[in-house]
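Trainee: One structure, pasted below without further comment.
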Amino acid sequence: MAADKQPASSSWNPTTWKSKPIVQDVVYEDQAHVDRVLTKLGKLPPMVSAQEIENLREQLKQVALGKSFLLQGGDCAELFDYCSADPIEAKLKVLLQMSLVLTYGARTPVVRIARMAGQYAKPRSKPTEMYNGEEILSFRGDNVNGFDPKDRKADPERLLGAYFHSASTLNYVRTLLDSGFADLHDPSNWNLDHVRSDAVRGEYQEIVSQMTDALDFMRTIGADQPAANSPLRSVDFFVSHEALLLEYESTLTRLLPSPKNNKEKKWYNAGSHFLWIGDRTRQPDGAHIEYIRGIENPVGIKVGPSTDPTRLVEILDRVNPNKDIGKVTLITRFGADKVTQYLPQHIEAVRASGHIPVWVCDPMHGNTKNADSGAIKTRHFVDIIQELSQTFRVHKSCNSKLNGVHFELTGDSVTECVGGSMDLKDADLSTNYQTYCDPRLNYEQSLDVAFLIAKYYQKERRSNDFPSL
Ligand code: PEP
Ligand code: CO
């Protein structure tokens with residue numbers, strides 16, 4: 001193909017979604033202002049490269065084949081204010097530590113994708129909400145409007161804000177990783193004082209000691225210093241967000257030379273490595289699926305109790321007609337009480353279709369509850385573990401495999417989810433409740449989950465039974 005020739009799929013371009021029905025759309029008062037912003041955005045450089053995207057795609061293929069495990073995590077709603085050294089370092093630290101525990105537990109490499117550097121747009125169940133007896137527009141995420149009730153009008157300048165905050169976050173992540181930040185998180189320095197139960201602390205400590213020992217041994221024999229692309233030293237780290245604001249996403253979709261064949265150009269979303277479509281916007285004939293089907297990036301689809309298995313296969317056929325292994329990640333989020341009812345039919349339908357996706361469990365979004373006070377949203381650690389445990393079990397009994405996990409988490413000591421080894425209670429939630437959208441696991445609870453998964457794999461290796469977490 002000549003260098004200037006367009007890719008074969010001429011029936012698709014980054015704006016064909018405009019002819020499809022759209023949900024969760026944002027209405028702006030001044031379209032001319034939106035157009036000016038989009039023109040500017042269209043000139044700004046890519047944030048990620050085609051090579052990085054293809055690299056992730058190849059890694060996700062290995063995940064889909066069961067040779068690696070995927071860890072995806074980060075804020076529900078990232079705020080522009082989180083674009084600052086401390087929160088970025090904390091999130092990177094918790095994801096790196098979790099991935100080390102998971103690598104040790106699962107005995108496979110872990111692919112890390114953060115919900116970060118662009119996770120600004122939020123779908124909402126209602127366009128408006130009541131505030132002090134007055135009906136106001138809902139907060140739609142920092143790239144649409146402000147959380148402050150006086151700042152709820154959709155402002156197109158925020159799209160530019162999204163670009164610059166994403167670029168700056170990504171830049172700091174790259175800087176940290178290039179400067180050896182990943183090496184600082186040796187398990188020998190981990191503090192498990194928050195774990196209230198002596199028995200559980202003992203179990204976690206044992207995993208930490210085993211990991212420390214394994215790493216010491218690797219160092220002694222020099223096995224931690226080989227080629228630059230060794231999984232031990234190189235820390236691939238990818239970013240992702242929900243592809244919700246299609247004007248923004250399509251403006252950042254660029255025709256770039258394919259790393260496999262420089263003469264061929266392909267459409268990449270150059271604003272993030274991985275994009276997903278949420279539970280509310282995954283209609284097979286809708287605008288969001290139309291957009292996502294044309295890009296080369298690996299993509300995710302949220303799957304919930306309302307997903308009809310036949311429609312799910314329709315989505316897969318549309319988004320991935322060549323059935324490329326691992327191109328699509330199915331992120332299931334049924335709720336602890338529904339997973340055994342729904343997941344088997346989804347697994348069977350997908351298997352029968354011949355698609356080989358990455359199967360990931362998001363045990364957060366089906367388990368949101370109101371705290372006792374009724375005023376704030378929370379999630380119970382036991383429900384999160386229960387959904388995860390059931391998901392491992394259902395995959396195993398269907399002869400399938402859970403390939404990864406997806407969490408809403410933060411590296412900070414927030415108090416948003418109840419339970420975990422620090423035993424947070426409803427009454428503790430107000431101590432440091434920070435989220436502007438869904439409740440996240442805090443640093444300690446995030447490590448708890450990783451330890452529980454590691455323990456699950458240890459048990460699995462020792463028996464052929466269906467262990468629980
Ligand atoms: C989310 O991931 O923040 C989200 C809104 O999830 P879902 O689309 O699964 O409800
Ligand atoms: Co959420």
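Residues in the structure tokens are numbered from 1 in each chain, the chains being A, B, ... in the order shown, and ligands are numbered from 1 in the order shown.
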Among segment 187-321 of chain A, which residues carry a DSSP assignment of strand (DSSP E), reported as a PyMOL selection string?
Mentor: chain A and resi 238-242+253-258+261-269+274-277+299-303
Trainee: Residues contacting ligand 1 - anything with an atom at most 10 Å away, using only C-alpha atoms and all ligand atoms - can you give me those as a PyMOL selection string?
Mentor: chain A and resi 73-78+115+119-125+241-242+244+276-282+301-304+331-334+362-366+406-408+437-438
Trainee: Kindly save the residues from that selection, with N, CA and C atoms included, as a short mmCIF file (atom, residue, chain, number, x, y, z; two decimals), in the first residue's frame.
Mentor:
```
data_model
loop_
_atom_site.label_atom_id
_atom_site.label_comp_id
_atom_site.auth_asym_id
_atom_site.auth_seq_id
_atom_site.Cartn_x
_atom_site.Cartn_y
_atom_site.Cartn_z
N GLY A 73 -6.37 -0.77 36.87
CA GLY A 73 -6.92 -0.11 38.05
C GLY A 73 -6.63 1.36 38.08
N GLY A 74 -7.46 2.05 38.86
CA GLY A 74 -7.27 3.49 39.05
C GLY A 74 -8.58 4.11 39.49
N ASP A 75 -8.64 5.44 39.40
CA ASP A 75 -9.82 6.15 39.89
C ASP A 75 -11.05 5.85 39.07
N CYS A 76 -12.21 6.04 39.72
CA CYS A 76 -13.47 6.00 38.97
C CYS A 76 -13.50 7.26 38.10
N ALA A 77 -13.43 8.40 38.76
CA ALA A 77 -13.35 9.69 38.05
C ALA A 77 -12.03 10.34 38.41
N GLU A 78 -11.13 10.42 37.44
CA GLU A 78 -9.86 11.11 37.68
C GLU A 78 -10.16 12.61 37.64
N ARG A 115 -6.10 3.13 35.01
CA ARG A 115 -7.22 4.03 34.66
C ARG A 115 -6.68 5.41 35.02
N GLN A 119 -8.93 9.53 32.42
CA GLN A 119 -10.19 8.94 32.89
C GLN A 119 -11.08 10.06 33.49
N TYR A 120 -11.40 11.02 32.64
CA TYR A 120 -12.09 12.22 33.14
C TYR A 120 -13.60 12.25 32.88
N ALA A 121 -14.08 11.47 31.89
CA ALA A 121 -15.51 11.59 31.53
C ALA A 121 -16.33 10.50 32.21
N LYS A 122 -17.46 10.86 32.78
CA LYS A 122 -18.27 9.88 33.48
C LYS A 122 -19.68 9.77 32.91
N PRO A 123 -20.13 8.52 32.65
CA PRO A 123 -21.54 8.34 32.29
C PRO A 123 -22.36 8.47 33.57
N ARG A 124 -23.54 8.97 33.49
CA ARG A 124 -24.35 9.13 34.71
C ARG A 124 -25.72 8.50 34.52
N SER A 125 -26.31 8.02 35.62
CA SER A 125 -27.64 7.40 35.47
C SER A 125 -28.71 8.47 35.24
N HIS A 241 -8.69 4.78 29.47
CA HIS A 241 -9.87 5.47 29.99
C HIS A 241 -11.11 5.04 29.22
N GLU A 242 -12.28 5.42 29.74
CA GLU A 242 -13.52 5.10 29.04
C GLU A 242 -13.67 6.03 27.84
N LEU A 244 -15.83 7.86 26.11
CA LEU A 244 -17.21 8.32 26.28
C LEU A 244 -17.49 9.57 25.45
N TRP A 276 -12.05 1.79 26.73
CA TRP A 276 -13.15 0.85 26.89
C TRP A 276 -14.49 1.56 26.73
N ILE A 277 -15.51 0.73 26.43
CA ILE A 277 -16.88 1.23 26.31
C ILE A 277 -17.65 0.75 27.54
N GLY A 278 -18.35 1.67 28.18
CA GLY A 278 -19.02 1.37 29.44
C GLY A 278 -20.34 0.62 29.26
N ASP A 279 -20.87 0.22 30.39
CA ASP A 279 -22.11 -0.56 30.43
C ASP A 279 -23.30 0.20 29.82
N ARG A 280 -23.26 1.52 29.89
CA ARG A 280 -24.40 2.30 29.42
C ARG A 280 -24.31 2.68 27.94
N THR A 281 -23.17 2.46 27.33
CA THR A 281 -22.99 2.96 25.95
C THR A 281 -22.60 1.86 24.96
N ARG A 282 -22.85 0.60 25.32
CA ARG A 282 -22.36 -0.49 24.46
C ARG A 282 -23.44 -1.05 23.51
N ILE A 301 -14.85 -3.89 26.64
CA ILE A 301 -16.31 -3.73 26.65
C ILE A 301 -16.77 -4.18 28.04
N LYS A 302 -17.53 -3.33 28.72
CA LYS A 302 -18.09 -3.73 30.00
C LYS A 302 -19.28 -4.65 29.74
N VAL A 303 -19.38 -5.70 30.54
CA VAL A 303 -20.46 -6.67 30.38
C VAL A 303 -21.18 -6.81 31.72
N GLY A 304 -22.49 -6.60 31.72
CA GLY A 304 -23.24 -6.66 32.98
C GLY A 304 -24.46 -7.54 32.87
N ILE A 331 -14.92 -7.02 30.17
CA ILE A 331 -14.78 -6.68 31.59
C ILE A 331 -16.12 -6.95 32.27
N THR A 332 -16.25 -8.08 32.97
CA THR A 332 -17.55 -8.44 33.54
C THR A 332 -17.75 -7.80 34.90
N ARG A 333 -18.97 -7.33 35.13
CA ARG A 333 -19.29 -6.59 36.37
C ARG A 333 -20.75 -6.84 36.70
N PHE A 334 -20.99 -8.05 37.24
CA PHE A 334 -22.37 -8.46 37.47
C PHE A 334 -22.87 -8.14 38.87
N ASP A 362 -14.38 -7.12 36.89
CA ASP A 362 -14.48 -5.84 37.60
C ASP A 362 -15.45 -6.07 38.75
N PRO A 363 -14.95 -6.34 39.95
CA PRO A 363 -15.86 -6.67 41.05
C PRO A 363 -16.36 -5.43 41.80
N MET A 364 -16.22 -4.26 41.16
CA MET A 364 -16.60 -3.01 41.83
C MET A 364 -18.01 -2.55 41.43
N HIS A 365 -18.27 -2.50 40.11
CA HIS A 365 -19.46 -1.77 39.65
C HIS A 365 -20.79 -2.46 39.90
N GLY A 366 -20.78 -3.78 40.16
CA GLY A 366 -22.04 -4.44 40.49
C GLY A 366 -22.27 -4.49 41.99
N HIS A 406 -9.96 -5.84 37.31
CA HIS A 406 -10.13 -4.41 37.05
C HIS A 406 -10.71 -3.79 38.33
N PHE A 407 -9.97 -2.85 38.92
CA PHE A 407 -10.41 -2.27 40.19
C PHE A 407 -10.47 -0.75 40.12
N GLU A 408 -11.39 -0.20 40.92
CA GLU A 408 -11.32 1.24 41.20
C GLU A 408 -10.53 1.37 42.49
N CYS A 437 -16.89 10.24 42.55
CA CYS A 437 -17.82 9.36 41.83
C CYS A 437 -17.96 8.08 42.65
N ASP A 438 -17.42 6.94 42.17
CA ASP A 438 -17.60 5.69 42.91
C ASP A 438 -16.52 5.50 43.98
#
```
Trainee: Tell me which protein, DNA and RNA residues are within 6 Å of segment 341-357 of chain A, counting only C-alpha atoms, leaving out same-chain ones fewer than 5 positions away, and put them as a short mmCIF file (atom, residue, chain, number, x, y, z; two decimals) with N, CA and C atoms, in the first residue's frame.
Mentor:
```cif
data_model
loop_
_atom_site.label_atom_id
_atom_site.label_comp_id
_atom_site.auth_asym_id
_atom_site.auth_seq_id
_atom_site.Cartn_x
_atom_site.Cartn_y
_atom_site.Cartn_z
N ALA A 64 -4.86 -13.20 26.77
CA ALA A 64 -6.03 -13.97 26.32
C ALA A 64 -5.70 -15.45 26.21
N PRO A 309 -26.45 -12.19 25.79
CA PRO A 309 -25.30 -12.90 25.21
C PRO A 309 -25.24 -12.80 23.68
N LYS A 323 -11.51 -11.58 14.40
CA LYS A 323 -11.34 -12.45 15.58
C LYS A 323 -9.88 -12.48 16.04
N ILE A 325 -7.00 -12.48 18.45
CA ILE A 325 -6.97 -12.94 19.85
C ILE A 325 -6.54 -11.78 20.77
N GLY A 326 -7.35 -11.50 21.79
CA GLY A 326 -6.99 -10.49 22.78
C GLY A 326 -7.19 -9.05 22.35
N VAL A 328 -10.05 -7.68 22.02
CA VAL A 328 -11.12 -7.17 22.88
C VAL A 328 -11.00 -7.79 24.27
N THR A 329 -11.13 -6.92 25.27
CA THR A 329 -11.17 -7.37 26.66
C THR A 329 -12.61 -7.26 27.14
#
```
Trainee: Do you have the atom CA of Asn261 of chain A-atom CA of Gln59 of chain A distance handy?
Mentor: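 Going from atom CA of Asn261 of chain A over to atom CA of Gln59 of chain A covers 18.9 Å.
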Trainee: At what distance in Å, to one decimal, does atom CA of Val339 of chain A lie from atom CA of Ser421 of chain A?
Mentor: 24.3 Å
